[in-house]
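Since the structure comes first, as structure tokens, the remarks are kept for the end.
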Amino acid sequence: MKQEQLYEGKAKKVFATDDPTLCIVSYKDDATAFNGLKKGTIAGKGVVNNRMTNMMMQLLEKKGIPTHFVKELSDRETLVKKVSIVPLEVIVRNVSAGSFSKRYGVEEGIPFDEPTVEFSYKNDELGDPLLNTYHALALHLATKEEISLIEDYAFRVNDVLKEYFLTLGVKLIDFKLEFGKLPDGTIVLADEISPDTCRFWDAKTGEKLDKDRFRRDMGGVEDAYREIFKRVSAN
Ligand code: TMP
């Protein structure tokens with residue numbers, strides 16, 4: 001049973017339930033970019049992100065990666081294990097794009113020999129600054145063991161998702177993950193895996209099927225969400 005709202009983020013709300021170990025995530029159509037500077041609505045996004053995230057979480061569970069997923073409740077709502085979020089945004093990249101291209105002055109679309117991982121400090125006031133493991137340890141954001149496990153999970157998630165999306169004719173360019181801690185200290189994958197948090201390029205045409213269409217005012221935003229959702233749903 002849904003109880004009081006615990007938290008409202010930019011794209012989701014979190015509610016308490018009768019069970020203190022569980023909460024309900026509710027996905028909104030609200031979209032932001034550049035740390036909330038750009039605001040808009042993407043009609044139907046909440047449904048796509050909720051259902052797609054749940055499909056990805058179940059696929060990853062099958063492959064041995066523990067997640068917070070418990071049960072899809074409706075189009076927009078999902079029951080999840082209550083976690084305390086590790087305040088790290090974990091970004092895995094297979095191909096140059098976005099802030100990587102900007103920071104290092106390389107064009108978008110160059111495949112890497114090996115995937116990369118990087119961390120940002122999840123802190124809106126500071127604009128989610130990039131940090132390394134030493135910084136994360138200095139700030140007590142996680143322990144050495146936790147960071148090493150998170151990195152290991154992140155690359156395993158990449159292996160699973162990269163292969164999966166290729167079967168749908170989609171290149172997984174990069175994505176952002178967040179992890180949470182259960183009361184017993186277990187680290188699990190949390191948050192979402194959606195066109196908001198991944199870059200998806202059509203393998204044949206290179207067409208963007210993700211939130212970059214919103215970030216960059218490219219148009220066809222809703223169509224892109226519909227298209228990627230159609231492909232994951234058909235599989
Ligand atoms: P970036 O190239 O802008 O650093 O983004 C890398 C990936 O992380 C991309 O797939 C989009 C995702 N992302 C988020 O999920 N949330 C964010 O706040 C940002 C900046 C990126």
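Labels for the structure tokens follow display order: chains A, B, ..., residues from 1 in each chain, ligands from 1.
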query = Hey, what's within 8 Å of range 5-19 of chain A if we count only C-alpha atoms and toss same-chain stuff fewer than 5 positions away? As a ChimeraX atom specification, please?
reply = /A:24-32,36,46
Counting only C-alpha atoms and all ligand atoms, which residues of chain A sit at most 6 Å from some atom of ligand 1, and what is each one's closest atom pair with its distance in Å to one decimal, listed by chain and rising residue number, as a Markdown table?
```
| residue | atom | partner | partner_atom_place_in_ligand_line | distance |
| --- | --- | --- | --- | --- |
| A:Ile91 | CA | ligand 1 | 8 (O) | 5.8 |
| A:Ala97 | CA | ligand 1 | 2 (O) | 5.7 |
| A:Gly98 | CA | ligand 1 | 2 (O) | 3.4 |
| A:Ser99 | CA | ligand 1 | 2 (O) | 3.8 |
| A:Phe100 | CA | ligand 1 | 2 (O) | 5.6 |
| A:Asp174 | CA | ligand 1 | 10 (O) | 4.6 |
| A:Phe175 | CA | ligand 1 | 10 (O) | 3.7 |
| A:Lys176 | CA | ligand 1 | 8 (O) | 4.2 |
| A:Asp196 | CA | ligand 1 | 15 (O) | 5.8 |
| A:Thr197 | CA | ligand 1 | 15 (O) | 3.3 |
| A:Cys198 | CA | ligand 1 | 10 (O) | 3.5 |
| A:Arg199 | CA | ligand 1 | 10 (O) | 4.3 |
```
May I have all residues of range 162-202 of chain A that DSSP, computed from the backbone, assigns to alpha helix (DSSP H), given as a JSON list (two decimals) with N, CA, C and O atoms, in the first residue's frame?
```json
[["chain", "number", "residue", "atom", "x", "y", "z"],
["A", 162, "LYS", "N", 25.11, -4.20, -23.77],
["A", 162, "LYS", "CA", 25.68, -3.95, -25.11],
["A", 162, "LYS", "C", 25.25, -5.06, -26.07],
["A", 162, "LYS", "O", 24.79, -4.80, -27.18],
["A", 163, "GLU", "N", 25.39, -6.28, -25.60],
["A", 163, "GLU", "CA", 25.03, -7.44, -26.43],
["A", 163, "GLU", "C", 23.52, -7.46, -26.70],
["A", 163, "GLU", "O", 23.08, -7.66, -27.83],
["A", 164, "TYR", "N", 22.74, -7.19, -25.64],
["A", 164, "TYR", "CA", 21.28, -7.21, -25.78],
["A", 164, "TYR", "C", 20.82, -6.17, -26.80],
["A", 164, "TYR", "O", 20.03, -6.46, -27.70],
["A", 165, "PHE", "N", 21.32, -4.93, -26.68],
["A", 165, "PHE", "CA", 20.85, -3.87, -27.58],
["A", 165, "PHE", "C", 21.29, -4.11, -29.03],
["A", 165, "PHE", "O", 20.56, -3.75, -29.95],
["A", 166, "LEU", "N", 22.45, -4.73, -29.19],
["A", 166, "LEU", "CA", 22.88, -5.05, -30.57],
["A", 166, "LEU", "C", 21.87, -5.95, -31.26],
["A", 166, "LEU", "O", 21.62, -5.80, -32.47],
["A", 167, "THR", "N", 21.27, -6.87, -30.50],
["A", 167, "THR", "CA", 20.27, -7.76, -31.10],
["A", 167, "THR", "C", 19.03, -6.97, -31.54],
["A", 167, "THR", "O", 18.22, -7.45, -32.32]]
```
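Candidate residues A:Pro115, A:Gly220, A:Gly64, A:Pro20 were compared for distance to Ser96 in chain A, and the nearest is A:Pro115, using only C-alpha atoms.
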query = Using the chain letters and numbers from this document, which residues of range 126-224 of chain A does DSSP assign to strand (DSSP E or B), as number ranges by chain?
reply = A: 130-131, 170-181, 187-190, 198-202, 208
task = Tell me, as a list in words, which residues lie within 7 Å of Leu130 in chain A, counting only C-alpha atoms; anything in the same chain fewer than 2 positions away does not count.
result = Phe119, Ser120, Tyr121 and Asp128 of chain A
Which residues are near Lys171 in chain A? Cut-off 6 Å, only C-alpha atoms, ignore same chain within fewer than 3 positions. Put them as an mmCIF file with N, CA and C atoms, in the first residue's frame.
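Output below, filename selection_31.cif:
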```
data_model
loop_
_atom_site.group_PDB
_atom_site.id
_atom_site.type_symbol
_atom_site.label_atom_id
_atom_site.label_comp_id
_atom_site.auth_asym_id
_atom_site.auth_seq_id
_atom_site.Cartn_x
_atom_site.Cartn_y
_atom_site.Cartn_z
ATOM 1 N N LEU A 166 22.449 -4.729 -29.191
ATOM 2 C CA LEU A 166 22.877 -5.046 -30.567
ATOM 3 C C LEU A 166 21.873 -5.950 -31.264
ATOM 4 N N PHE A 200 21.502 5.704 -26.972
ATOM 5 C CA PHE A 200 21.206 4.616 -27.899
ATOM 6 C C PHE A 200 21.262 5.170 -29.318
ATOM 7 N N TRP A 201 22.084 4.582 -30.160
ATOM 8 C CA TRP A 201 22.134 4.998 -31.572
ATOM 9 C C TRP A 201 21.713 3.812 -32.429
ATOM 10 N N ALA A 203 21.890 1.177 -35.033
ATOM 11 C CA ALA A 203 23.147 0.586 -35.521
ATOM 12 C C ALA A 203 23.363 0.856 -37.007
#
```
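Distances here use only C-alpha atoms; by that measure, the residue among A:Leu182, A:Met218, A:Met1, A:Leu139 closest to Ser84 in chain A is A:Leu182.
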Within 10 Å of range 66-83 of chain A, which residues of range 156-235 of chain A show up? Give each one with its shortest atom-to-atom distance in Å (one decimal) and the two atoms involved, counting only C-alpha atoms, rows by chain then rising residue number, as a tab-separated table.
```
residue	atom	partner	partner_atom	distance
A:Phe179	CA	A:Thr67	CA	8.4
A:Gly180	CA	A:Val83	CA	5.1
A:Lys181	CA	A:Val83	CA	5.0
A:Leu182	CA	A:Val83	CA	5.0
A:Pro183	CA	A:Val83	CA	7.2
A:Gly185	CA	A:Val83	CA	9.4
A:Thr186	CA	A:Pro66	CA	9.0
A:Ile187	CA	A:Pro66	CA	7.7
A:Val188	CA	A:Thr67	CA	4.7
A:Leu189	CA	A:Thr67	CA	4.3
A:Ala190	CA	A:His68	CA	5.4
A:Asp191	CA	A:His68	CA	8.2
```
Could the residues in this selection be written to a file with all heavy atoms, as an mmCIF file, in the first residue's frame?
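Writing the result to out_24.cif gives the following:
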```cif
data_model
loop_
_atom_site.group_PDB
_atom_site.id
_atom_site.type_symbol
_atom_site.label_atom_id
_atom_site.label_comp_id
_atom_site.auth_asym_id
_atom_site.auth_seq_id
_atom_site.Cartn_x
_atom_site.Cartn_y
_atom_site.Cartn_z
ATOM 1 N N PHE A 179 23.902 2.999 -7.732
ATOM 2 C CA PHE A 179 23.811 1.828 -6.870
ATOM 3 C C PHE A 179 23.284 2.243 -5.501
ATOM 4 O O PHE A 179 23.409 3.403 -5.102
ATOM 5 C CB PHE A 179 25.183 1.166 -6.734
ATOM 6 C CG PHE A 179 25.638 0.532 -8.018
ATOM 7 C CD1 PHE A 179 26.273 1.277 -9.003
ATOM 8 C CD2 PHE A 179 25.391 -0.813 -8.268
ATOM 9 C CE1 PHE A 179 26.682 0.696 -10.207
ATOM 10 C CE2 PHE A 179 25.790 -1.406 -9.466
ATOM 11 C CZ PHE A 179 26.436 -0.647 -10.436
ATOM 12 N N GLY A 180 22.677 1.253 -4.800
ATOM 13 C CA GLY A 180 22.156 1.521 -3.465
ATOM 14 C C GLY A 180 22.643 0.460 -2.504
ATOM 15 O O GLY A 180 23.148 -0.588 -2.916
ATOM 16 N N LYS A 181 22.476 0.776 -1.220
ATOM 17 C CA LYS A 181 22.891 -0.159 -0.176
ATOM 18 C C LYS A 181 21.669 -0.613 0.605
ATOM 19 O O LYS A 181 20.875 0.218 1.070
ATOM 20 C CB LYS A 181 23.828 0.573 0.791
ATOM 21 C CG LYS A 181 25.244 0.070 0.760
ATOM 22 C CD LYS A 181 26.143 1.056 1.417
ATOM 23 C CE LYS A 181 26.718 0.530 2.696
ATOM 24 N NZ LYS A 181 27.825 1.396 3.165
ATOM 25 N N LEU A 182 21.512 -1.937 0.743
ATOM 26 C CA LEU A 182 20.449 -2.485 1.579
ATOM 27 C C LEU A 182 20.871 -2.332 3.050
ATOM 28 O O LEU A 182 22.056 -2.106 3.330
ATOM 29 C CB LEU A 182 20.238 -3.974 1.243
ATOM 30 C CG LEU A 182 19.790 -4.279 -0.191
ATOM 31 C CD1 LEU A 182 19.699 -5.789 -0.414
ATOM 32 C CD2 LEU A 182 18.447 -3.624 -0.467
ATOM 33 N N PRO A 183 19.915 -2.486 3.971
ATOM 34 C CA PRO A 183 20.260 -2.324 5.398
ATOM 35 C C PRO A 183 21.419 -3.233 5.837
ATOM 36 O O PRO A 183 22.208 -2.861 6.711
ATOM 37 C CB PRO A 183 18.967 -2.701 6.121
ATOM 38 C CG PRO A 183 17.884 -2.392 5.135
ATOM 39 C CD PRO A 183 18.466 -2.671 3.773
ATOM 40 N N GLY A 185 23.979 -3.899 4.111
ATOM 41 C CA GLY A 185 25.219 -3.452 3.463
ATOM 42 C C GLY A 185 25.402 -3.950 2.033
ATOM 43 O O GLY A 185 26.325 -3.528 1.350
ATOM 44 N N THR A 186 24.500 -4.840 1.589
ATOM 45 C CA THR A 186 24.610 -5.349 0.218
ATOM 46 C C THR A 186 24.437 -4.218 -0.790
ATOM 47 O O THR A 186 23.519 -3.406 -0.672
ATOM 48 C CB THR A 186 23.509 -6.415 -0.054
ATOM 49 O OG1 THR A 186 23.577 -7.397 0.968
ATOM 50 C CG2 THR A 186 23.690 -7.069 -1.414
ATOM 51 N N ILE A 187 25.332 -4.208 -1.779
ATOM 52 C CA ILE A 187 25.228 -3.224 -2.863
ATOM 53 C C ILE A 187 24.351 -3.798 -3.980
ATOM 54 O O ILE A 187 24.594 -4.918 -4.438
ATOM 55 C CB ILE A 187 26.633 -2.918 -3.443
ATOM 56 C CG1 ILE A 187 27.536 -2.294 -2.376
ATOM 57 C CG2 ILE A 187 26.554 -2.077 -4.709
ATOM 58 C CD1 ILE A 187 27.395 -0.811 -2.186
ATOM 59 N N VAL A 188 23.345 -3.026 -4.390
ATOM 60 C CA VAL A 188 22.485 -3.465 -5.505
ATOM 61 C C VAL A 188 22.356 -2.337 -6.520
ATOM 62 O O VAL A 188 22.457 -1.161 -6.170
ATOM 63 C CB VAL A 188 21.067 -3.892 -5.025
ATOM 64 C CG1 VAL A 188 21.131 -5.076 -4.075
ATOM 65 C CG2 VAL A 188 20.304 -2.727 -4.379
ATOM 66 N N LEU A 189 22.090 -2.712 -7.751
ATOM 67 C CA LEU A 189 21.835 -1.728 -8.799
ATOM 68 C C LEU A 189 20.477 -1.077 -8.521
ATOM 69 O O LEU A 189 19.506 -1.774 -8.220
ATOM 70 C CB LEU A 189 21.829 -2.428 -10.163
ATOM 71 C CG LEU A 189 21.593 -1.544 -11.378
ATOM 72 C CD1 LEU A 189 22.688 -0.489 -11.527
ATOM 73 C CD2 LEU A 189 21.507 -2.396 -12.636
ATOM 74 N N ALA A 190 20.417 0.255 -8.612
ATOM 75 C CA ALA A 190 19.167 0.968 -8.319
ATOM 76 C C ALA A 190 18.871 1.946 -9.450
ATOM 77 O O ALA A 190 19.401 1.820 -10.554
ATOM 78 C CB ALA A 190 19.278 1.673 -6.978
ATOM 79 N N ASP A 191 18.012 2.908 -9.176
ATOM 80 C CA ASP A 191 17.647 3.969 -10.134
ATOM 81 C C ASP A 191 17.047 3.369 -11.409
ATOM 82 O O ASP A 191 16.217 2.464 -11.311
ATOM 83 C CB ASP A 191 18.852 4.855 -10.422
ATOM 84 C CG ASP A 191 18.466 6.158 -11.096
ATOM 85 O OD1 ASP A 191 17.551 6.830 -10.594
ATOM 86 O OD2 ASP A 191 19.071 6.504 -12.119
#
```
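One distance worth recording is that between CA of Ile193 in chain A and CA of Met56 in chain A, which is 6.8 Å.
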query = What does the distance from CA of Leu177 in chain A to CA of Gly206 in chain A come to in Å, to one decimal?
reply = 23.2 Å
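Note that CA of Glu125 in chain A and CA of Pro195 in chain A are 24.0 Å apart.
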Excluding Ala142 in chain A and its own-chain neighbours fewer than 3 positions away, which residues fall within 9 Å of it when counting only C-alpha atoms? Please give them as a PDB file with N, CA and C atoms, in the first residue's frame.
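Saved result, part-v2.pdb, follows:
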```pdb
ATOM      1  N   VAL A  86      24.139   5.238  -2.993  1.00  0.00           N
ATOM      2  CA  VAL A  86      25.553   5.614  -2.952  1.00  0.00           C
ATOM      3  C   VAL A  86      25.677   6.864  -3.825  1.00  0.00           C
ATOM      4  N   PRO A  87      26.174   7.988  -3.282  1.00  0.00           N
ATOM      5  CA  PRO A  87      26.108   9.244  -4.051  1.00  0.00           C
ATOM      6  C   PRO A  87      27.152   9.366  -5.163  1.00  0.00           C
ATOM      7  N   LEU A  88      27.167   8.319  -5.996  1.00  0.00           N
ATOM      8  CA  LEU A  88      28.079   8.296  -7.144  1.00  0.00           C
ATOM      9  C   LEU A  88      27.258   8.037  -8.395  1.00  0.00           C
ATOM     10  N   ALA A 136      36.506  10.003  -3.984  1.00  0.00           N
ATOM     11  CA  ALA A 136      35.314   9.364  -3.407  1.00  0.00           C
ATOM     12  C   ALA A 136      35.627   8.805  -2.020  1.00  0.00           C
ATOM     13  N   LEU A 137      36.833   8.243  -1.872  1.00  0.00           N
ATOM     14  CA  LEU A 137      37.245   7.706  -0.561  1.00  0.00           C
ATOM     15  C   LEU A 137      37.448   8.853   0.433  1.00  0.00           C
ATOM     16  N   LEU A 139      36.020  11.622   0.518  1.00  0.00           N
ATOM     17  CA  LEU A 139      34.711  12.186   0.883  1.00  0.00           C
ATOM     18  C   LEU A 139      33.818  11.166   1.603  1.00  0.00           C
ATOM     19  N   GLU A 145      36.255  -1.314  -1.115  1.00  0.00           N
ATOM     20  CA  GLU A 145      35.648  -2.580  -1.554  1.00  0.00           C
ATOM     21  C   GLU A 145      34.351  -2.297  -2.317  1.00  0.00           C
ATOM     22  N   GLU A 146      33.558  -1.360  -1.798  1.00  0.00           N
ATOM     23  CA  GLU A 146      32.292  -1.034  -2.465  1.00  0.00           C
ATOM     24  C   GLU A 146      32.546  -0.442  -3.857  1.00  0.00           C
ATOM     25  N   ILE A 147      33.532   0.433  -3.947  1.00  0.00           N
ATOM     26  CA  ILE A 147      33.814   1.064  -5.245  1.00  0.00           C
ATOM     27  C   ILE A 147      34.293   0.021  -6.252  1.00  0.00           C
TER      28      ILE A 147
END
```
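In terms of minimum interatomic distance to Leu149 in chain A, A:Val90 ranks closest within A:Ala33, A:Leu60, A:Val90, A:Leu172, counting only C-alpha atoms.
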